[in-house]
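J.: So I've got this file, run.txt, and it contains compact mmCIF, C-alpha atoms:
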# COMPACT_ATOMS: atom_id res chain seq x y z
CA MET A 761 -11.53 90.35 74.50
CA ALA A 762 -11.88 92.17 71.20
CA SER A 763 -8.70 93.10 69.39
CA PRO A 764 -7.80 96.79 69.61
CA LEU A 765 -7.23 96.72 65.86
CA GLU A 766 -10.72 95.47 65.04
CA GLN A 767 -11.97 99.06 64.82
CA PHE A 768 -9.89 99.64 61.68
CA GLU A 769 -11.39 96.75 59.75
CA ILE A 770 -13.02 97.62 56.44
CA LYS A 771 -16.47 96.07 56.22
CA THR A 772 -18.38 95.88 52.97
CA ILE A 773 -21.90 97.27 53.15
CA VAL A 774 -22.95 97.15 49.49
CA PRO A 775 -20.75 94.91 47.34
CA ILE A 776 -20.07 96.47 43.93
CA GLU A 777 -17.70 95.03 41.37
CA ILE A 778 -17.02 96.59 37.98
CA ALA A 779 -14.66 94.90 35.49
CA GLY A 780 -13.05 92.82 38.24
CA ILE A 781 -12.30 95.86 40.38
CA ASP A 782 -13.81 95.87 43.83
CA ILE A 783 -15.38 99.28 44.44
CA SER A 784 -17.80 98.19 47.15
CA PHE A 785 -19.48 100.71 49.38
CA THR A 786 -17.82 100.08 52.74
CA ASN A 787 -18.02 101.47 56.25
CA SER A 788 -15.13 103.74 55.23
CA SER A 789 -17.09 105.09 52.25
CA LEU A 790 -20.12 105.55 54.48
CA MET A 791 -18.14 107.67 56.95
CA MET A 792 -16.65 109.73 54.12
CA ALA A 793 -20.09 110.33 52.65
CA LEU A 794 -21.38 111.31 56.10
CA THR A 795 -18.41 113.65 56.53
CA VAL A 796 -19.17 115.40 53.26
CA VAL A 797 -22.87 115.71 54.13
CA ILE A 798 -22.26 116.96 57.68
CA GLY A 799 -19.30 119.19 56.87
CA GLY A 800 -20.95 120.63 53.78
CA GLY A 801 -24.29 120.89 55.53
CA VAL A 802 -22.94 122.83 58.50
CA VAL A 803 -21.15 125.34 56.28
CA ALA A 804 -24.10 125.67 53.87
CA LEU A 805 -26.61 126.15 56.69
CA ALA A 806 -24.31 128.59 58.46
CA ALA A 807 -23.94 130.65 55.30
CA SER A 808 -27.61 130.50 54.25
CA ARG A 809 -28.95 133.03 56.76
CA GLY A 810 -26.29 135.72 56.55
CA ALA A 811 -27.76 137.56 59.51
CA MET A 812 -26.16 140.77 60.80
CA VAL A 813 -26.18 139.33 64.30
CA PRO A 814 -25.07 135.72 63.80
CA GLY A 815 -26.80 132.84 65.52
CA ARG A 816 -24.97 129.85 66.95
CA LEU A 817 -24.50 127.98 63.70
CA GLN A 818 -23.49 131.09 61.80
CA THR A 819 -20.92 131.89 64.48
CA ILE A 820 -19.39 128.44 64.04
CA GLY A 821 -19.30 128.95 60.28
CA GLU A 822 -17.70 132.38 60.63
CA MET A 823 -15.13 131.04 63.09
CA LEU A 824 -14.14 128.25 60.72
CA TYR A 825 -13.93 130.70 57.82
CA GLU A 826 -11.91 133.23 59.80
CA PHE A 827 -9.60 130.53 61.09
CA ILE A 828 -8.62 129.27 57.64
CA ALA A 829 -8.66 132.73 56.08
CA GLY A 830 -6.28 133.94 58.82
CA LEU A 831 -4.07 130.93 58.32
CA ILE A 832 -3.80 131.57 54.58
CA ARG A 833 -3.23 135.30 55.10
CA GLU A 834 -0.33 134.59 57.42
CA THR A 835 1.39 131.81 55.54
CA ILE A 836 0.82 132.68 51.88
CA GLY A 837 -0.17 136.35 52.11
CA PRO A 838 -2.89 138.20 50.21
CA GLU A 839 -2.10 136.19 47.10
CA GLY A 840 -3.32 133.06 48.84
CA ARG A 841 -7.01 133.99 48.75
CA LYS A 842 -7.41 132.07 45.50
CA TYR A 843 -6.50 128.83 47.24
CA PHE A 844 -9.03 129.23 50.05
CA PRO A 845 -11.53 126.68 48.62
CA ILE A 846 -9.10 123.76 48.40
CA ILE A 847 -7.52 124.42 51.80
CA PHE A 848 -10.88 124.93 53.50
CA THR A 849 -12.24 121.76 51.91
CA LEU A 850 -9.26 119.69 53.01
CA PHE A 851 -9.44 121.12 56.51
CA MET A 852 -13.16 120.49 56.89
CA PHE A 853 -12.96 116.98 55.45
CA ILE A 854 -10.18 115.95 57.82
CA LEU A 855 -11.62 117.78 60.82
CA VAL A 856 -15.15 116.39 60.48
CA GLY A 857 -13.79 112.93 59.62
CA ASN A 858 -11.57 112.91 62.71
CA MET A 859 -14.37 114.16 64.93
CA LEU A 860 -16.88 111.59 63.60
CA GLY A 861 -14.24 108.97 64.32
CA MET A 862 -14.28 110.00 67.98
CA ILE A 863 -17.89 108.80 68.32
CA PRO A 864 -17.91 105.30 69.83
CA TYR A 865 -18.62 102.46 67.36
CA SER A 866 -17.96 104.70 64.37
CA PHE A 867 -15.07 104.37 61.96
CA THR A 868 -12.10 106.72 61.49
CA PHE A 869 -11.24 106.79 57.80
CA THR A 870 -8.20 109.02 58.42
CA SER A 871 -6.61 106.06 60.23
CA HIS A 872 -6.08 104.43 56.83
CA ILE A 873 -2.87 105.35 55.05
CA ILE A 874 -4.43 105.09 51.59
CA VAL A 875 -7.00 107.79 52.40
CA THR A 876 -4.45 110.23 53.82
CA PHE A 877 -1.94 109.41 51.10
CA VAL A 878 -4.39 110.17 48.31
CA MET A 879 -5.13 113.57 49.88
CA ALA A 880 -1.42 114.32 50.33
CA PHE A 881 -0.68 113.13 46.79
CA VAL A 882 -3.37 115.39 45.32
CA VAL A 883 -1.78 118.32 47.18
CA PHE A 884 1.68 117.30 45.97
CA ILE A 885 0.64 116.98 42.30
CA GLY A 886 -1.40 120.18 42.46
CA VAL A 887 1.44 122.16 43.98
CA THR A 888 3.93 120.82 41.43
CA ILE A 889 1.61 121.76 38.55
CA LEU A 890 1.12 125.17 40.13
CA GLY A 891 4.88 125.66 40.35
CA PHE A 892 5.40 124.76 36.68
CA ALA A 893 2.43 126.85 35.57
CA ARG A 894 3.74 129.85 37.48
CA HIS A 895 7.45 129.61 36.70
CA GLY A 896 7.77 127.22 33.74
CA LEU A 897 11.10 125.42 33.59
CA HIS A 898 12.49 127.98 36.02
CA PHE A 899 10.69 125.91 38.67
CA PHE A 900 13.68 123.54 38.64
CA SER A 901 15.74 126.25 40.31
CA PHE A 902 13.70 125.33 43.40
CA PHE A 903 16.00 122.32 43.76
CA ILE A 904 19.17 124.39 43.78
CA PRO A 905 19.92 125.71 47.26
CA PRO A 906 20.63 129.44 47.07
CA GLY A 907 24.27 130.42 47.51
CA ALA A 908 25.68 126.92 47.07
CA PRO A 909 28.84 126.60 44.92
CA VAL A 910 28.36 124.87 41.58
CA TRP A 911 30.60 121.90 42.39
CA MET A 912 28.26 121.02 45.27
CA TRP A 913 25.21 120.82 42.99
CA PRO A 914 25.54 117.11 42.04
CA LEU A 915 25.29 116.29 45.74
CA LEU A 916 22.74 118.90 46.81
CA ILE A 917 20.22 118.55 43.97
CA PRO A 918 19.44 114.85 44.68
CA ILE A 919 19.03 115.71 48.35
CA GLU A 920 16.61 118.52 47.52
CA VAL A 921 14.68 116.32 45.09
CA ILE A 922 14.35 113.53 47.69
CA SER A 923 13.30 116.11 50.26
CA TYR A 924 10.64 117.36 47.84
CA LEU A 925 9.42 113.83 47.07
CA SER A 926 9.20 113.02 50.77
CA ARG A 927 6.56 115.71 51.30
CA PRO A 928 3.48 113.63 50.47
CA ILE A 929 4.90 110.77 52.57
CA SER A 930 5.42 112.82 55.70
CA LEU A 931 2.15 114.70 55.19
CA SER A 932 0.11 111.49 54.94
CA VAL A 933 2.03 109.41 57.49
CA ARG A 934 1.70 112.14 60.11
CA LEU A 935 -2.11 112.23 59.97
CA PHE A 936 -2.48 108.46 59.61
CA ALA A 937 -0.03 107.61 62.42
CA ASN A 938 -1.63 110.05 64.84
CA MET A 939 -5.11 108.69 64.28
CA LEU A 940 -4.03 105.04 64.26
CA ALA A 941 -1.92 105.36 67.41
CA GLY A 942 -4.53 107.39 69.30
CA HIS A 943 -7.44 105.09 68.57
CA THR A 944 -5.43 101.93 69.25
CA MET A 945 -4.29 103.36 72.57
CA LEU A 946 -7.86 104.19 73.57
CA LYS A 947 -9.02 100.64 72.81
CA VAL A 948 -6.08 99.01 74.62
CA ILE A 949 -6.72 101.03 77.76
CA ALA A 950 -10.45 100.39 77.47
CA GLY A 951 -9.58 96.69 77.51
CA PHE A 952 -7.79 97.19 80.85
CA VAL A 953 -10.99 98.55 82.37
CA PHE A 954 -12.70 95.19 81.85
CA ALA A 955 -9.62 93.13 82.65
CA LEU A 956 -9.12 94.82 86.04
CA GLY A 957 -12.80 94.83 86.85
CA LEU A 958 -14.40 96.62 89.78
CA LEU A 959 -11.27 96.40 91.91
CA ALA A 960 -8.90 98.64 89.94
CA GLY A 961 -10.78 99.22 86.70
CA TRP A 962 -11.68 102.78 87.57
CA LEU A 963 -8.03 103.81 87.19
CA PRO A 964 -7.79 103.12 83.44
CA LEU A 965 -11.30 104.53 83.15
CA LEU A 966 -10.05 107.86 84.47
CA LEU A 967 -7.09 107.70 82.12
CA ILE A 968 -9.29 106.95 79.12
CA THR A 969 -11.50 109.92 79.94
CA ALA A 970 -8.48 112.23 79.91
CA LEU A 971 -7.12 110.60 76.75
CA THR A 972 -10.41 111.11 74.94
CA GLY A 973 -10.02 114.81 75.55
CA LEU A 974 -6.47 114.68 74.23
CA GLU A 975 -7.64 112.74 71.19
CA ILE A 976 -10.20 115.42 70.37
CA LEU A 977 -7.41 118.00 70.54
CA ILE A 978 -5.25 115.87 68.24
CA ALA A 979 -8.15 115.39 65.83
CA PHE A 980 -8.33 119.15 65.48
CA LEU A 981 -4.58 119.69 65.50
CA GLN A 982 -3.94 117.23 62.70
CA ALA A 983 -6.53 118.87 60.46
CA TYR A 984 -4.83 122.18 61.20
CA VAL A 985 -1.34 120.81 60.48
CA PHE A 986 -2.51 119.36 57.17
CA ALA A 987 -3.99 122.72 56.19
CA ILE A 988 -0.96 124.77 57.23
CA LEU A 989 1.47 122.48 55.41
CA THR A 990 -0.65 122.69 52.26
CA CYS A 991 -0.41 126.48 52.58
CA LEU A 992 3.37 126.31 52.97
CA TYR A 993 3.74 124.08 49.92
CA ILE A 994 1.62 126.46 47.86
CA LYS A 995 3.75 129.33 49.08
CA ASP A 996 6.93 127.48 48.09
CA ALA A 997 5.52 126.84 44.62
CA LEU A 998 4.56 130.50 44.22
CA GLU A 999 7.74 132.05 45.53
CA LEU A 1000 10.46 129.39 45.05
CA HIS A 1001 12.35 129.53 48.37
CA MET B 1174 -29.59 169.59 48.04
CA SER B 1175 -30.31 166.28 49.69
CA LYS B 1176 -27.68 164.50 47.59
CA PRO B 1177 -24.48 165.59 49.38
CA SER B 1178 -25.92 164.81 52.79
CA GLY B 1179 -26.86 161.35 51.53
CA GLN B 1180 -23.42 160.84 49.98
CA GLU B 1181 -21.37 161.69 53.06
CA PRO B 1182 -22.13 158.64 55.18
CA LEU B 1183 -21.47 156.47 52.14
CA ASP B 1184 -18.07 158.06 51.62
CA ASP B 1185 -17.31 157.51 55.25
CA LEU B 1186 -18.38 153.90 54.97
CA ASN B 1187 -16.22 153.47 51.86
CA ARG B 1188 -13.21 154.82 53.69
CA ARG B 1189 -13.77 152.54 56.64
CA LEU B 1190 -14.28 149.54 54.34
CA LYS B 1191 -11.01 150.35 52.59
CA ASP B 1192 -9.23 150.57 55.94
CA ALA B 1193 -10.62 147.22 56.98
CA ARG B 1194 -9.55 145.64 53.71
CA ASN B 1195 -6.03 146.99 54.04
CA ARG B 1196 -5.85 145.61 57.53
CA LYS B 1197 -6.90 142.23 56.24
CA THR B 1198 -4.22 142.08 53.57
CA ALA B 1199 -1.46 143.57 55.71
CA GLY B 1200 -0.54 140.12 56.99
CA THR B 1201 -0.84 140.98 60.65
CA ARG B 1202 -1.09 138.07 63.01
CA GLY B 1203 -4.74 137.93 64.00
CA LYS B 1204 -6.15 136.31 67.08
CA ASN B 1205 -7.43 133.44 65.00
CA GLY B 1206 -4.07 132.71 63.42
CA GLY B 1207 -2.29 131.08 66.32
CA ALA B 1208 -2.32 127.32 66.61
CA PRO B 1209 -3.10 125.45 69.77
CA ARG B 1210 0.24 124.16 70.95
CA SER B 1211 1.38 120.95 72.52
CA ASP B 1212 4.83 119.38 72.74
CA TYR B 1213 3.59 116.10 71.32
CA GLY B 1214 2.77 117.60 67.91
CA PRO B 1215 6.23 118.93 66.98
CA ALA B 1216 7.83 115.64 68.06
CA ILE B 1217 5.69 113.60 65.66
CA ARG B 1218 6.12 116.21 62.93
CA VAL B 1219 9.90 116.11 63.14
CA GLY B 1220 9.92 112.32 63.40
CA THR B 1221 7.83 111.78 60.27
CA ASP B 1222 9.96 114.33 58.40
CA LEU B 1223 13.11 112.33 59.10
CA VAL B 1224 11.58 108.94 58.35
CA ALA B 1225 9.92 110.16 55.15
CA GLY B 1226 13.24 111.40 53.74
CA ILE B 1227 14.98 108.10 54.48
CA ALA B 1228 12.03 106.07 53.14
CA VAL B 1229 11.97 107.93 49.82
CA GLY B 1230 15.77 107.56 49.47
CA VAL B 1231 15.64 103.83 50.17
CA VAL B 1232 12.74 103.25 47.76
CA ILE B 1233 14.48 105.16 44.93
CA GLY B 1234 17.74 103.28 45.56
CA TRP B 1235 16.01 99.90 45.71
CA VAL B 1236 14.01 100.48 42.50
CA LEU B 1237 17.07 101.77 40.62
CA ASP B 1238 19.10 98.79 41.85
CA ARG B 1239 16.53 96.29 40.59
CA TRP B 1240 16.28 98.13 37.28
CA LEU B 1241 20.01 98.54 36.65
CA GLY B 1242 21.15 95.37 38.45
CA THR B 1243 23.61 97.23 40.66
CA THR B 1244 22.48 95.74 43.97
CA PRO B 1245 23.31 96.96 46.62
CA TRP B 1246 25.30 100.05 45.67
CA LEU B 1247 22.62 102.52 44.64
CA LEU B 1248 20.56 101.52 47.67
CA LEU B 1249 23.47 102.50 49.89
CA VAL B 1250 24.07 105.79 48.05
CA PHE B 1251 20.41 106.77 48.13
CA PHE B 1252 20.08 105.73 51.77
CA VAL B 1253 22.75 108.30 52.61
CA LEU B 1254 21.15 110.92 50.34
CA GLY B 1255 17.74 110.15 51.84
CA SER B 1256 19.10 110.56 55.35
CA ALA B 1257 20.53 113.93 54.36
CA ALA B 1258 17.16 114.92 52.89
CA GLY B 1259 15.44 113.74 56.07
CA ILE B 1260 17.76 115.81 58.23
CA LYS B 1261 17.19 118.77 55.95
CA ASN B 1262 13.41 118.33 56.38
CA VAL B 1263 13.86 118.19 60.14
CA MET B 1264 15.97 121.35 60.18
CA ARG B 1265 13.45 123.21 58.05
CA THR B 1266 10.57 122.13 60.29
CA ALA B 1267 12.50 122.88 63.48
CA MET B 1268 13.38 126.36 62.27
CA ARG B 1269 9.74 126.99 61.42
CA ILE B 1270 8.54 125.78 64.81
CA GLU B 1271 11.15 128.02 66.43
CA SER B 1272 10.15 131.11 64.45
CA ASP B 1273 6.47 130.42 65.14
CA ALA B 1274 7.17 130.16 68.86
CA LYS B 1275 9.18 133.37 68.73
CA ALA B 1276 6.38 135.21 66.93
CA ALA B 1277 3.89 133.87 69.47
CA ARG B 1278 6.08 135.06 72.36
CA GLU B 1279 6.35 138.54 70.90
CA ASN B 1280 2.64 138.53 70.22
CA SER B 1281 1.81 137.60 73.80
CA GLN B 1282 4.10 140.35 75.08
CA ASP B 1283 2.25 142.91 72.99
CA GLY B 1284 -1.11 141.72 74.27
CA ASP B 1285 -0.05 141.79 77.95
CA GLY B 1286 0.38 138.02 77.87
CA LYS B 1287 -3.33 137.50 77.46
CA ASN B 1288 -3.07 134.75 74.89
CA GLU B 1289 -0.13 132.96 76.42
CA ALA B 1290 -0.05 129.21 75.84
CA PRO B 1291 -1.02 127.10 78.83
Written as structure tokens, that's how I'd like the structure from this file.
T.:
Amino acid sequence: MASPLEQFEIKTIVPIEIAGIDISFTNSSLMMALTVVIGGGVVALAASRGAMVPGRLQTIGEMLYEFIAGLIRETIGPEGRKYFPIIFTLFMFILVGNMLGMIPYSFTFTSHIIVTFVMAFVVFIGVTILGFARHGLHFFSFFIPPGAPVWMWPLLIPIEVISYLSRPISLSVRLFANMLAGHTMLKVIAGFVFALGLLAGWLPLLLITALTGLEILIAFLQAYVFAILTCLYIKDALELH
Amino acid sequence: MSKPSGQEPLDDLNRRLKDARNRKTAGTRGKNGGAPRSDYGPAIRVGTDLVAGIAVGVVIGWVLDRWLGTTPWLLLVFFVLGSAAGIKNVMRTAMRIESDAKAARENSQDGDGKNEAP
């Protein structure tokens, strides 16, 4: 029986090596490229017509736009409009990547910690730069809890700094762990179908059908959570507390 | 003479556009703003928040210990600080989940419970 972890293996498609660094085109890169083409293509096609009465594709595009625009309006406020492109891009990349990963025999690149960590790290660095650009050195007051007595500061400031540094970790681990756990679980239960055969195999088959639905929900939910947390971090950087 | 009659609908349109724009920036909770909810999501969110705080604390303590040769004291100190940061993360997240749920409840009461979570 195939290992349930085999699906996460990186396979080289086109080996490329520059100055001793392996930058081969792998199945992961292929899925990312596909995600960009499909995600970008859907939005571009949806926006190209601009009909008064939207067709199917345009309705999907408008729903996606409205969803993220509403999210930004609620969490950041009217000031957040500027950050629509980055949040929408992150959301679409994760959403389409997760959904493509749900297709049998494909590859889920969001189940690799390095991919999710790089995205979270970009958000973290960007938000920190934004905070300094907006408030200058006053940004450091973000690490002082409001209303705390001065003698508590030596204890509270390290806690706040660690809490701030833990943001990219929790942001990336959350997405990665969800995708890894979900896809492993699906494969393990799929293995039971064959192991139990005709006699009792239909039971895990039913379960796997239900779980696939749940996984599709999680694929969407995790893209949403990533987007909303990015919004919250931007809001923190803009408003400090 | 035809100018004012041509201008009036435009003025009306302008006014309605302005109204719509104000509505958009007022920060009201639209029907597209609510998240699909499940109990599994918040559990993982809170869990990763806690673990991330502890992990960052431990890594900082371990690196500082190796650098300053103070093994294992800074690791212990930063483990405690990291745990505190983790718990702080959890409290922040839990309070946000709670306020979101509260807002959703009020929202569903306004709309005759139409968009109540299953």
J.: Let me make sure I understand: among B:Leu1247, B:Ala1257, B:Pro1182, B:Pro1215, which one has the smallest atom-to-atom distance to Ile917 of chain A if we use all atoms listed in the file?
T.: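 Among the listed residues, B:Ala1257 lies closest to Ile917 of chain A.
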J.: Applying 7 Å and only C-alpha atoms, which residues near Pro964 of chain A remain after dropping the ones on its own chain fewer than 6 positions away? List them as a ChimeraX atom specification.
T.: /A:949,952-953
J.: Residues at most 6 Å from segment 985-1000 of chain A, counting all atoms listed in the file, excluding those fewer than 6 positions away in the same chain, as a PyMOL selection string?
T.: chain A and resi 836+847+851+887+891+902
J.: Between A:Leu965, A:Phe827, A:Gln982, A:Ala941, which residue has the minimum interatomic distance to chain B, considering only C-alpha atoms?
T.: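 Closest candidate: A:Phe827.
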J.: Which value, in Å to one decimal, gives the distance between atom CA of Leu890 of chain A and atom CA of Ala979 of chain A?
T.: 29.0 Å
